[in-house]
>>> print(open('input_7.cif').read())   # mmCIF, C-alpha atoms
data_query
#
loop_
_atom_site.group_PDB
_atom_site.id
_atom_site.type_symbol
_atom_site.label_atom_id
_atom_site.label_comp_id
_atom_site.auth_asym_id
_atom_site.auth_seq_id
_atom_site.Cartn_x
_atom_site.Cartn_y
_atom_site.Cartn_z
ATOM 1 C CA MET A 136 -0.476 -14.841 -20.090
ATOM 2 C CA LEU A 137 2.370 -14.224 -17.639
ATOM 3 C CA LYS A 138 1.623 -15.065 -14.022
ATOM 4 C CA ASP A 139 3.755 -15.056 -10.871
ATOM 5 C CA THR A 140 3.818 -18.464 -9.170
ATOM 6 C CA PRO A 141 4.515 -19.505 -5.567
ATOM 7 C CA GLU A 142 7.819 -21.281 -4.920
ATOM 8 C CA GLU A 143 9.923 -21.784 -1.819
ATOM 9 C CA TRP A 144 13.558 -22.808 -1.846
ATOM 10 C CA ARG A 145 14.791 -24.882 1.079
ATOM 11 C CA VAL A 146 16.020 -22.976 4.138
ATOM 12 C CA THR A 147 18.691 -24.755 6.169
ATOM 13 C CA ALA A 148 18.997 -22.197 8.962
ATOM 14 C CA THR A 149 17.208 -19.032 10.052
ATOM 15 C CA ALA A 150 17.701 -16.304 12.633
ATOM 16 C CA THR A 151 16.047 -13.025 13.610
ATOM 17 C CA PRO A 152 18.848 -10.614 14.567
ATOM 18 C CA PHE A 153 16.487 -7.640 14.979
ATOM 19 C CA THR A 154 12.878 -7.277 16.111
ATOM 20 C CA GLY A 155 11.223 -3.866 15.971
ATOM 21 C CA LYS A 156 7.819 -2.490 16.895
ATOM 22 C CA LYS A 157 6.092 -3.554 13.666
ATOM 23 C CA THR A 158 8.732 -5.317 11.569
ATOM 24 C CA SER A 159 11.806 -7.488 12.020
ATOM 25 C CA VAL A 160 14.880 -8.580 10.101
ATOM 26 C CA ARG A 161 15.397 -12.245 9.267
ATOM 27 C CA THR A 162 18.520 -14.014 8.031
ATOM 28 C CA ASP A 163 17.987 -17.261 6.088
ATOM 29 C CA GLU A 164 20.491 -19.730 4.683
ATOM 30 C CA VAL A 165 18.889 -20.690 1.357
ATOM 31 C CA VAL A 166 19.801 -23.641 -0.893
ATOM 32 C CA MET A 167 20.501 -22.413 -4.442
ATOM 33 C CA PRO A 168 19.620 -24.398 -7.594
ATOM 34 C CA ASP A 169 23.239 -25.630 -7.889
ATOM 35 C CA GLY A 170 23.147 -27.042 -4.355
ATOM 36 C CA THR A 171 25.191 -24.322 -2.673
ATOM 37 C CA THR A 172 23.769 -22.169 0.125
ATOM 38 C CA SER A 173 23.602 -18.401 0.284
ATOM 39 C CA THR A 174 22.599 -15.940 3.003
ATOM 40 C CA ARG A 175 19.559 -13.752 2.454
ATOM 41 C CA ASP A 176 18.709 -10.884 4.843
ATOM 42 C CA TYR A 177 15.243 -9.364 4.552
ATOM 43 C CA GLN A 178 12.668 -7.359 6.429
ATOM 44 C CA VAL A 179 9.612 -9.252 7.670
ATOM 45 C CA HIS A 180 6.539 -7.055 7.265
ATOM 46 C CA PRO A 181 2.867 -7.542 8.271
ATOM 47 C CA GLY A 182 1.557 -6.157 4.979
ATOM 48 C CA SER A 183 -0.159 -2.898 4.078
ATOM 49 C CA VAL A 184 -3.152 -1.390 2.353
ATOM 50 C CA ALA A 185 -3.407 1.837 0.360
ATOM 51 C CA VAL A 186 -6.397 3.751 -0.958
ATOM 52 C CA LEU A 187 -6.674 5.722 -4.169
ATOM 53 C CA ALA A 188 -9.767 7.811 -3.385
ATOM 54 C CA LEU A 189 -11.218 9.332 -6.562
ATOM 55 C CA ASP A 190 -13.872 12.045 -6.356
ATOM 56 C CA ASP A 191 -16.555 12.987 -8.897
ATOM 57 C CA GLU A 192 -14.204 15.506 -10.536
ATOM 58 C CA ASP A 193 -11.515 12.853 -11.209
ATOM 59 C CA ARG A 194 -9.339 14.240 -8.436
ATOM 60 C CA VAL A 195 -7.316 11.965 -6.176
ATOM 61 C CA LEU A 196 -6.988 12.544 -2.444
ATOM 62 C CA VAL A 197 -3.282 12.789 -1.575
ATOM 63 C CA LEU A 198 -1.313 13.447 1.593
ATOM 64 C CA ARG A 199 2.129 14.987 2.026
ATOM 65 C CA GLN A 200 4.133 13.306 4.771
ATOM 66 C CA TYR A 201 7.741 13.310 6.002
ATOM 67 C CA ARG A 202 9.539 9.987 5.461
ATOM 68 C CA HIS A 203 12.733 9.872 7.484
ATOM 69 C CA PRO A 204 14.564 6.987 5.715
ATOM 70 C CA VAL A 205 14.586 8.904 2.413
ATOM 71 C CA ARG A 206 14.764 12.411 3.981
ATOM 72 C CA HIS A 207 11.857 13.671 1.901
ATOM 73 C CA LYS A 208 8.322 14.908 2.263
ATOM 74 C CA LEU A 209 6.440 12.691 -0.169
ATOM 75 C CA TRP A 210 3.004 13.029 -1.719
ATOM 76 C CA GLU A 211 1.221 9.759 -1.019
ATOM 77 C CA ILE A 212 -2.210 8.170 -1.004
ATOM 78 C CA PRO A 213 -3.698 7.113 2.367
ATOM 79 C CA ALA A 214 -2.088 3.880 3.538
ATOM 80 C CA GLY A 215 -1.326 1.854 6.621
ATOM 81 C CA LEU A 216 -0.329 -1.475 8.091
ATOM 82 C CA LEU A 217 -2.460 -4.544 8.562
ATOM 83 C CA ASP A 218 -2.549 -4.282 12.340
ATOM 84 C CA ILE A 219 -3.895 -7.764 13.060
ATOM 85 C CA PRO A 220 -2.806 -11.069 11.419
ATOM 86 C CA GLY A 221 -5.607 -12.184 9.098
ATOM 87 C CA GLU A 222 -7.266 -8.756 9.133
ATOM 88 C CA ASN A 223 -9.651 -8.096 6.259
ATOM 89 C CA PRO A 224 -7.724 -5.643 4.042
ATOM 90 C CA LEU A 225 -10.890 -3.779 3.024
ATOM 91 C CA HIS A 226 -11.665 -3.023 6.659
ATOM 92 C CA ALA A 227 -8.086 -1.837 7.171
ATOM 93 C CA ALA A 228 -8.301 0.411 4.086
ATOM 94 C CA GLN A 229 -11.566 1.938 5.260
ATOM 95 C CA ARG A 230 -9.976 2.609 8.646
ATOM 96 C CA GLU A 231 -6.923 4.280 7.113
ATOM 97 C CA LEU A 232 -9.020 6.492 4.845
ATOM 98 C CA TYR A 233 -11.036 7.638 7.840
ATOM 99 C CA GLU A 234 -8.056 8.143 10.163
ATOM 100 C CA GLU A 235 -5.770 9.932 7.700
ATOM 101 C CA ALA A 236 -8.295 11.965 5.689
ATOM 102 C CA HIS A 237 -11.609 11.817 7.634
ATOM 103 C CA VAL A 238 -13.260 10.475 4.489
ATOM 104 C CA LYS A 239 -15.565 7.562 3.686
ATOM 105 C CA ALA A 240 -16.440 5.954 0.346
ATOM 106 C CA ASP A 241 -19.351 3.815 -0.826
ATOM 107 C CA ASP A 242 -17.759 2.045 -3.823
ATOM 108 C CA TRP A 243 -14.624 -0.067 -3.370
ATOM 109 C CA ARG A 244 -12.597 -2.152 -5.827
ATOM 110 C CA VAL A 245 -9.173 -3.791 -5.802
ATOM 111 C CA LEU A 246 -6.942 -1.700 -8.042
ATOM 112 C CA THR A 247 -3.814 -3.846 -7.851
ATOM 113 C CA ASP A 248 -1.652 -5.975 -5.522
ATOM 114 C CA VAL A 249 2.130 -5.524 -5.314
ATOM 115 C CA TYR A 250 5.246 -6.585 -3.445
ATOM 116 C CA THR A 251 6.989 -3.293 -2.725
ATOM 117 C CA THR A 252 10.635 -4.458 -2.555
ATOM 118 C CA PRO A 253 10.738 -8.247 -3.018
ATOM 119 C CA GLY A 254 14.540 -8.337 -3.115
ATOM 120 C CA GLY A 255 14.803 -7.213 0.509
ATOM 121 C CA CYS A 256 11.375 -7.204 2.159
ATOM 122 C CA ASP A 257 8.298 -9.443 2.125
ATOM 123 C CA GLU A 258 5.865 -6.507 2.327
ATOM 124 C CA ALA A 259 2.715 -7.030 0.252
ATOM 125 C CA VAL A 260 0.378 -4.107 -0.445
ATOM 126 C CA ARG A 261 -3.192 -4.162 -1.705
ATOM 127 C CA ILE A 262 -4.137 -0.877 -3.374
ATOM 128 C CA PHE A 263 -7.865 -0.132 -3.426
ATOM 129 C CA LEU A 264 -9.850 2.236 -5.606
ATOM 130 C CA ALA A 265 -12.489 4.087 -3.557
ATOM 131 C CA ARG A 266 -15.267 6.108 -5.191
ATOM 132 C CA GLY A 267 -18.363 7.840 -3.912
ATOM 133 C CA VAL A 268 -16.133 9.826 -1.582
ATOM 134 C CA ALA A 269 -17.635 12.016 1.161
ATOM 135 C CA GLU A 270 -16.605 13.546 4.452
ATOM 136 C CA ALA A 271 -16.935 11.123 7.367
ATOM 137 C CA GLU A 272 -19.194 11.822 10.317
ATOM 138 C CA GLY A 273 -17.981 12.345 13.858
ATOM 139 C CA GLU A 274 -14.783 13.750 15.283
ATOM 140 C CA ARG A 275 -11.517 13.571 13.423
ATOM 141 C CA PHE A 276 -9.027 10.890 14.422
ATOM 142 C CA GLU A 277 -6.245 12.356 16.555
ATOM 143 C CA VAL A 278 -2.944 12.040 14.694
ATOM 144 C CA ALA A 279 0.581 12.102 16.123
ATOM 145 C CA GLU A 280 4.269 12.024 15.135
ATOM 146 C CA GLU A 281 4.809 12.378 11.345
ATOM 147 C CA GLU A 282 1.065 12.326 10.696
ATOM 148 C CA ALA A 283 0.557 15.474 12.787
ATOM 149 C CA ASP A 284 2.351 17.439 10.059
ATOM 150 C CA MET A 285 0.472 15.975 7.095
ATOM 151 C CA GLU A 286 -0.987 18.145 4.339
ATOM 152 C CA LEU A 287 -4.038 17.052 2.354
ATOM 153 C CA ALA A 288 -4.931 17.919 -1.241
ATOM 154 C CA ARG A 289 -7.184 16.793 -4.066
ATOM 155 C CA VAL A 290 -5.233 16.626 -7.311
ATOM 156 C CA PRO A 291 -6.422 15.797 -10.858
ATOM 157 C CA LEU A 292 -5.455 12.271 -11.867
ATOM 158 C CA ALA A 293 -3.774 13.549 -15.039
ATOM 159 C CA ASP A 294 -1.459 15.766 -12.978
ATOM 160 C CA LEU A 295 -0.390 12.832 -10.828
ATOM 161 C CA VAL A 296 0.270 10.626 -13.855
ATOM 162 C CA ARG A 297 2.402 13.386 -15.327
ATOM 163 C CA GLY A 298 4.229 13.893 -12.023
ATOM 164 C CA ALA A 299 5.068 10.208 -11.801
ATOM 165 C CA LEU A 300 6.418 10.049 -15.351
ATOM 166 C CA VAL A 301 8.615 13.151 -15.099
ATOM 167 C CA GLY A 302 10.129 12.046 -11.790
ATOM 168 C CA ASP A 303 8.463 14.537 -9.450
ATOM 169 C CA LEU A 304 6.501 11.933 -7.454
ATOM 170 C CA HIS A 305 8.182 8.889 -5.934
ATOM 171 C CA ASN A 306 5.939 7.143 -3.417
ATOM 172 C CA ASN A 307 5.480 3.539 -4.493
ATOM 173 C CA CYS A 308 1.748 3.231 -3.797
ATOM 174 C CA LEU A 309 0.917 6.600 -5.350
ATOM 175 C CA VAL A 310 2.875 5.916 -8.547
ATOM 176 C CA VAL A 311 1.581 2.359 -8.944
ATOM 177 C CA GLY A 312 -1.949 3.398 -8.023
ATOM 178 C CA VAL A 313 -2.319 6.331 -10.406
ATOM 179 C CA LEU A 314 -0.723 4.472 -13.318
ATOM 180 C CA ALA A 315 -2.928 1.432 -12.664
ATOM 181 C CA LEU A 316 -6.028 3.627 -12.538
ATOM 182 C CA HIS A 317 -5.011 5.370 -15.776
ATOM 183 C CA ALA A 318 -4.520 1.949 -17.401
ATOM 184 C CA ALA A 319 -7.929 0.768 -16.185
ATOM 185 C CA LEU A 320 -9.693 3.900 -17.450
ATOM 186 C CA THR A 321 -8.087 3.642 -20.884
ATOM 187 C CA GLY A 322 -8.481 -0.150 -21.019
ATOM 188 C CA GLU A 323 -11.327 -2.382 -19.903
ATOM 189 C CA GLY A 324 -12.882 0.192 -17.560
ATOM 190 C CA LEU A 325 -13.368 0.337 -13.796
ATOM 191 C CA ASP A 326 -16.155 -2.246 -13.780
ATOM 192 C CA ALA A 327 -13.564 -4.829 -14.827
ATOM 193 C CA LEU A 328 -11.579 -4.319 -11.618
ATOM 194 C CA ARG A 329 -11.753 -7.055 -9.005
ATOM 195 C CA PRO A 330 -14.324 -6.867 -6.189
ATOM 196 C CA ALA A 331 -13.089 -5.305 -2.944
ATOM 197 C CA GLU A 332 -13.045 -8.597 -1.024
ATOM 198 C CA SER A 333 -11.239 -10.646 -3.664
ATOM 199 C CA PRO A 334 -8.826 -13.286 -2.306
ATOM 200 C CA TRP A 335 -5.284 -12.101 -1.578
ATOM 201 C CA PRO A 336 -2.898 -15.090 -1.407
ATOM 202 C CA ALA A 337 -0.024 -12.891 -0.184
ATOM 203 C CA ARG A 338 -2.005 -12.005 2.948
ATOM 204 C CA PRO A 339 -4.904 -14.416 3.435
ATOM 205 C CA PHE A 340 -7.722 -12.921 5.469
ATOM 206 C CA THR A 341 -10.975 -13.786 7.166
ATOM 207 C CA ALA A 342 -14.261 -11.984 6.577
#
>>> encode(input="input_7.cif", output="structure tokens")
Amino acid sequence: MLKDTPEEWRVTATATPFTGKKTSVRTDEVVMPDGTTSTRDYQVHPGSVAVLALDDEDRVLVLRQYRHPVRHKLWEIPAGLLDIPGENPLHAAQRELYEEAHVKADDWRVLTDVYTTPGGCDEAVRIFLARGVAEAEGERFEVAEEEADMELARVPLADLVRGALVGDLHNNCLVVGVLALHAALTGEGLDALRPAESPWPARPFTA
């Protein structure tokens, strides 16, 4: 079976030419296999979580949000940053589902783990499957900036799979999530998915 393996080539020099609010840019001089060195620029990212929330009618909760770098409004699944180093990703996912959709869920599994753009960014994302979905109690979280303009919908899984394959849907976590869920449903089943608090070597966490 194929499996990705950790490896780290020697870095002879490093610099951080830009530091932003949540991410930064790092420049490393990396020793290549032939002994030469090459410069690699990449974004340093805290990591993210995303939630594919599936209701009893096999509909997925999706949000439509403006994304300035690509100049598009994209349909996405709820997602957000790991705000604290070592944060439990399940807790972060539950927070994002509540804040973005005012929803809670009583059954959580790991759907899949991905590196979003490993050629230029070290962002790792854990995508959860959440079932037993219901409206959350209490007041709604107050949103701002791009999130203030978000639309929310519940869309049949089959429609999202079709949208991804014909090129109508482009958000990384949505596309990966719905195709992974489709594969799980037509394969070994949802009970074969990993438990929600499974280890995540890309972003180790505490309980």
>>> atom_distance(input="input_7.cif", atom1="CA of Leu314 in chain A", atom2="CA of Arg289 in chain A")
16.7 Å
>>> residues_around(input="input_7.cif", residues="Ala236 in chain A", least_positions_apart="5", cutoff="12 Å", atoms="all atoms listed in the file", output="PDB file with C-alpha atoms, keeping the file's coordinate frame")
ATOM      1  CA  VAL A 186      -6.397   3.751  -0.958  1.00  0.00           C
ATOM      2  CA  LEU A 187      -6.674   5.722  -4.169  1.00  0.00           C
ATOM      3  CA  ALA A 188      -9.767   7.811  -3.385  1.00  0.00           C
ATOM      4  CA  VAL A 195      -7.316  11.965  -6.176  1.00  0.00           C
ATOM      5  CA  LEU A 196      -6.988  12.544  -2.444  1.00  0.00           C
ATOM      6  CA  VAL A 197      -3.282  12.789  -1.575  1.00  0.00           C
ATOM      7  CA  LEU A 198      -1.313  13.447   1.593  1.00  0.00           C
ATOM      8  CA  ARG A 199       2.129  14.987   2.026  1.00  0.00           C
ATOM      9  CA  GLU A 211       1.221   9.759  -1.019  1.00  0.00           C
ATOM     10  CA  ILE A 212      -2.210   8.170  -1.004  1.00  0.00           C
ATOM     11  CA  PRO A 213      -3.698   7.113   2.367  1.00  0.00           C
ATOM     12  CA  ALA A 214      -2.088   3.880   3.538  1.00  0.00           C
ATOM     13  CA  ALA A 228      -8.301   0.411   4.086  1.00  0.00           C
ATOM     14  CA  GLN A 229     -11.566   1.938   5.260  1.00  0.00           C
ATOM     15  CA  ARG A 230      -9.976   2.609   8.646  1.00  0.00           C
ATOM     16  CA  GLU A 231      -6.923   4.280   7.113  1.00  0.00           C
ATOM     17  CA  VAL A 268     -16.133   9.826  -1.582  1.00  0.00           C
ATOM     18  CA  ALA A 269     -17.635  12.016   1.161  1.00  0.00           C
ATOM     19  CA  GLU A 270     -16.605  13.546   4.452  1.00  0.00           C
ATOM     20  CA  ALA A 271     -16.935  11.123   7.367  1.00  0.00           C
ATOM     21  CA  GLU A 272     -19.194  11.822  10.317  1.00  0.00           C
ATOM     22  CA  GLU A 274     -14.783  13.750  15.283  1.00  0.00           C
ATOM     23  CA  ARG A 275     -11.517  13.571  13.423  1.00  0.00           C
ATOM     24  CA  PHE A 276      -9.027  10.890  14.422  1.00  0.00           C
ATOM     25  CA  GLU A 277      -6.245  12.356  16.555  1.00  0.00           C
ATOM     26  CA  VAL A 278      -2.944  12.040  14.694  1.00  0.00           C
ATOM     27  CA  GLU A 282       1.065  12.326  10.696  1.00  0.00           C
ATOM     28  CA  ALA A 283       0.557  15.474  12.787  1.00  0.00           C
ATOM     29  CA  MET A 285       0.472  15.975   7.095  1.00  0.00           C
ATOM     30  CA  GLU A 286      -0.987  18.145   4.339  1.00  0.00           C
ATOM     31  CA  LEU A 287      -4.038  17.052   2.354  1.00  0.00           C
ATOM     32  CA  ALA A 288      -4.931  17.919  -1.241  1.00  0.00           C
ATOM     33  CA  ARG A 289      -7.184  16.793  -4.066  1.00  0.00           C
TER      34      ARG A 289
END
>>> resolve_selection(input="input_7.cif", expression="the PyMOL selection byres ((chain A and resi 332) around 10)", output="VMD selection string")
chain A and resid 223 to 226 243 to 245 329 to 331 333 to 335 340 to 342
>>> closest_residue(input="input_7.cif", among="A:Met136, A:Ala240, A:Val165, A:Leu246", to="Ala327 in chain A", atoms="only C-alpha atoms")
A:Leu246
>>> closest_residue(input="input_7.cif", among="A:Gln200, A:Thr247, A:Thr147, A:Thr158", to="Gly182 in chain A", atoms="all atoms listed in the file")
A:Thr158
>>> resolve_selection(input="input_7.cif", expression="the PyMOL selection byres ((chain A and resi 159) around 12)", output="JSON, numbers by chain")
{"A": [150, 151, 152, 153, 154, 155, 156, 157, 158, 160, 161, 162, 176, 177, 178, 179, 180, 181, 255, 256, 257, 258]}
>>> closest_residue(input="input_7.cif", among="A:Asp326, A:Asp169, A:Asp242, A:Asp294", to="Asp193 in chain A", atoms="all atoms listed in the file")
A:Asp294
>>> atom_distance(input="input_7.cif", atom1="CA of Arg338 in chain A", atom2="CA of Glu234 in chain A")
22.2 Å
>>> atom_distance(input="input_7.cif", atom1="CA of Val311 in chain A", atom2="CA of Phe263 in chain A")
11.2 Å
>>> build_atoms(input="input_7.cif", residues="range 192-206 of chain A", atoms="N, CA and C atoms", output="PDB file, keeping the file's coordinate frame")
ATOM      1  N   GLU A 192     -14.888  14.633  -9.581  1.00  0.00           N
ATOM      2  CA  GLU A 192     -14.204  15.506 -10.536  1.00  0.00           C
ATOM      3  C   GLU A 192     -12.886  14.891 -11.013  1.00  0.00           C
ATOM      4  N   ASP A 193     -12.736  13.576 -10.829  1.00  0.00           N
ATOM      5  CA  ASP A 193     -11.515  12.853 -11.209  1.00  0.00           C
ATOM      6  C   ASP A 193     -10.279  13.399 -10.515  1.00  0.00           C
ATOM      7  N   ARG A 194     -10.470  13.827  -9.261  1.00  0.00           N
ATOM      8  CA  ARG A 194      -9.339  14.240  -8.436  1.00  0.00           C
ATOM      9  C   ARG A 194      -9.045  13.142  -7.421  1.00  0.00           C
ATOM     10  N   VAL A 195      -7.766  12.991  -7.120  1.00  0.00           N
ATOM     11  CA  VAL A 195      -7.316  11.965  -6.176  1.00  0.00           C
ATOM     12  C   VAL A 195      -6.933  12.634  -4.863  1.00  0.00           C
ATOM     13  N   LEU A 196      -7.348  12.034  -3.766  1.00  0.00           N
ATOM     14  CA  LEU A 196      -6.988  12.544  -2.444  1.00  0.00           C
ATOM     15  C   LEU A 196      -5.562  12.106  -2.119  1.00  0.00           C
ATOM     16  N   VAL A 197      -4.683  13.088  -1.874  1.00  0.00           N
ATOM     17  CA  VAL A 197      -3.282  12.789  -1.575  1.00  0.00           C
ATOM     18  C   VAL A 197      -2.857  13.492  -0.291  1.00  0.00           C
ATOM     19  N   LEU A 198      -1.849  12.930   0.346  1.00  0.00           N
ATOM     20  CA  LEU A 198      -1.313  13.447   1.593  1.00  0.00           C
ATOM     21  C   LEU A 198       0.186  13.681   1.431  1.00  0.00           C
ATOM     22  N   ARG A 199       0.691  14.720   2.058  1.00  0.00           N
ATOM     23  CA  ARG A 199       2.129  14.987   2.026  1.00  0.00           C
ATOM     24  C   ARG A 199       2.686  14.708   3.413  1.00  0.00           C
ATOM     25  N   GLN A 200       3.646  13.778   3.476  1.00  0.00           N
ATOM     26  CA  GLN A 200       4.133  13.306   4.771  1.00  0.00           C
ATOM     27  C   GLN A 200       5.648  13.148   4.750  1.00  0.00           C
ATOM     28  N   TYR A 201       6.293  13.483   5.872  1.00  0.00           N
ATOM     29  CA  TYR A 201       7.741  13.310   6.002  1.00  0.00           C
ATOM     30  C   TYR A 201       8.080  11.836   6.163  1.00  0.00           C
ATOM     31  N   ARG A 202       9.069  11.369   5.368  1.00  0.00           N
ATOM     32  CA  ARG A 202       9.539   9.987   5.461  1.00  0.00           C
ATOM     33  C   ARG A 202      11.029  10.019   5.777  1.00  0.00           C
ATOM     34  N   HIS A 203      11.367   9.688   7.013  1.00  0.00           N
ATOM     35  CA  HIS A 203      12.733   9.872   7.484  1.00  0.00           C
ATOM     36  C   HIS A 203      13.772   9.036   6.728  1.00  0.00           C
ATOM     37  N   PRO A 204      13.514   7.758   6.394  1.00  0.00           N
ATOM     38  CA  PRO A 204      14.564   6.987   5.715  1.00  0.00           C
ATOM     39  C   PRO A 204      15.052   7.616   4.417  1.00  0.00           C
ATOM     40  N   VAL A 205      14.167   8.302   3.686  1.00  0.00           N
ATOM     41  CA  VAL A 205      14.586   8.904   2.413  1.00  0.00           C
ATOM     42  C   VAL A 205      14.780  10.416   2.525  1.00  0.00           C
ATOM     43  N   ARG A 206      14.563  10.973   3.730  1.00  0.00           N
ATOM     44  CA  ARG A 206      14.764  12.411   3.981  1.00  0.00           C
ATOM     45  C   ARG A 206      13.989  13.267   2.978  1.00  0.00           C
TER      46      ARG A 206
END
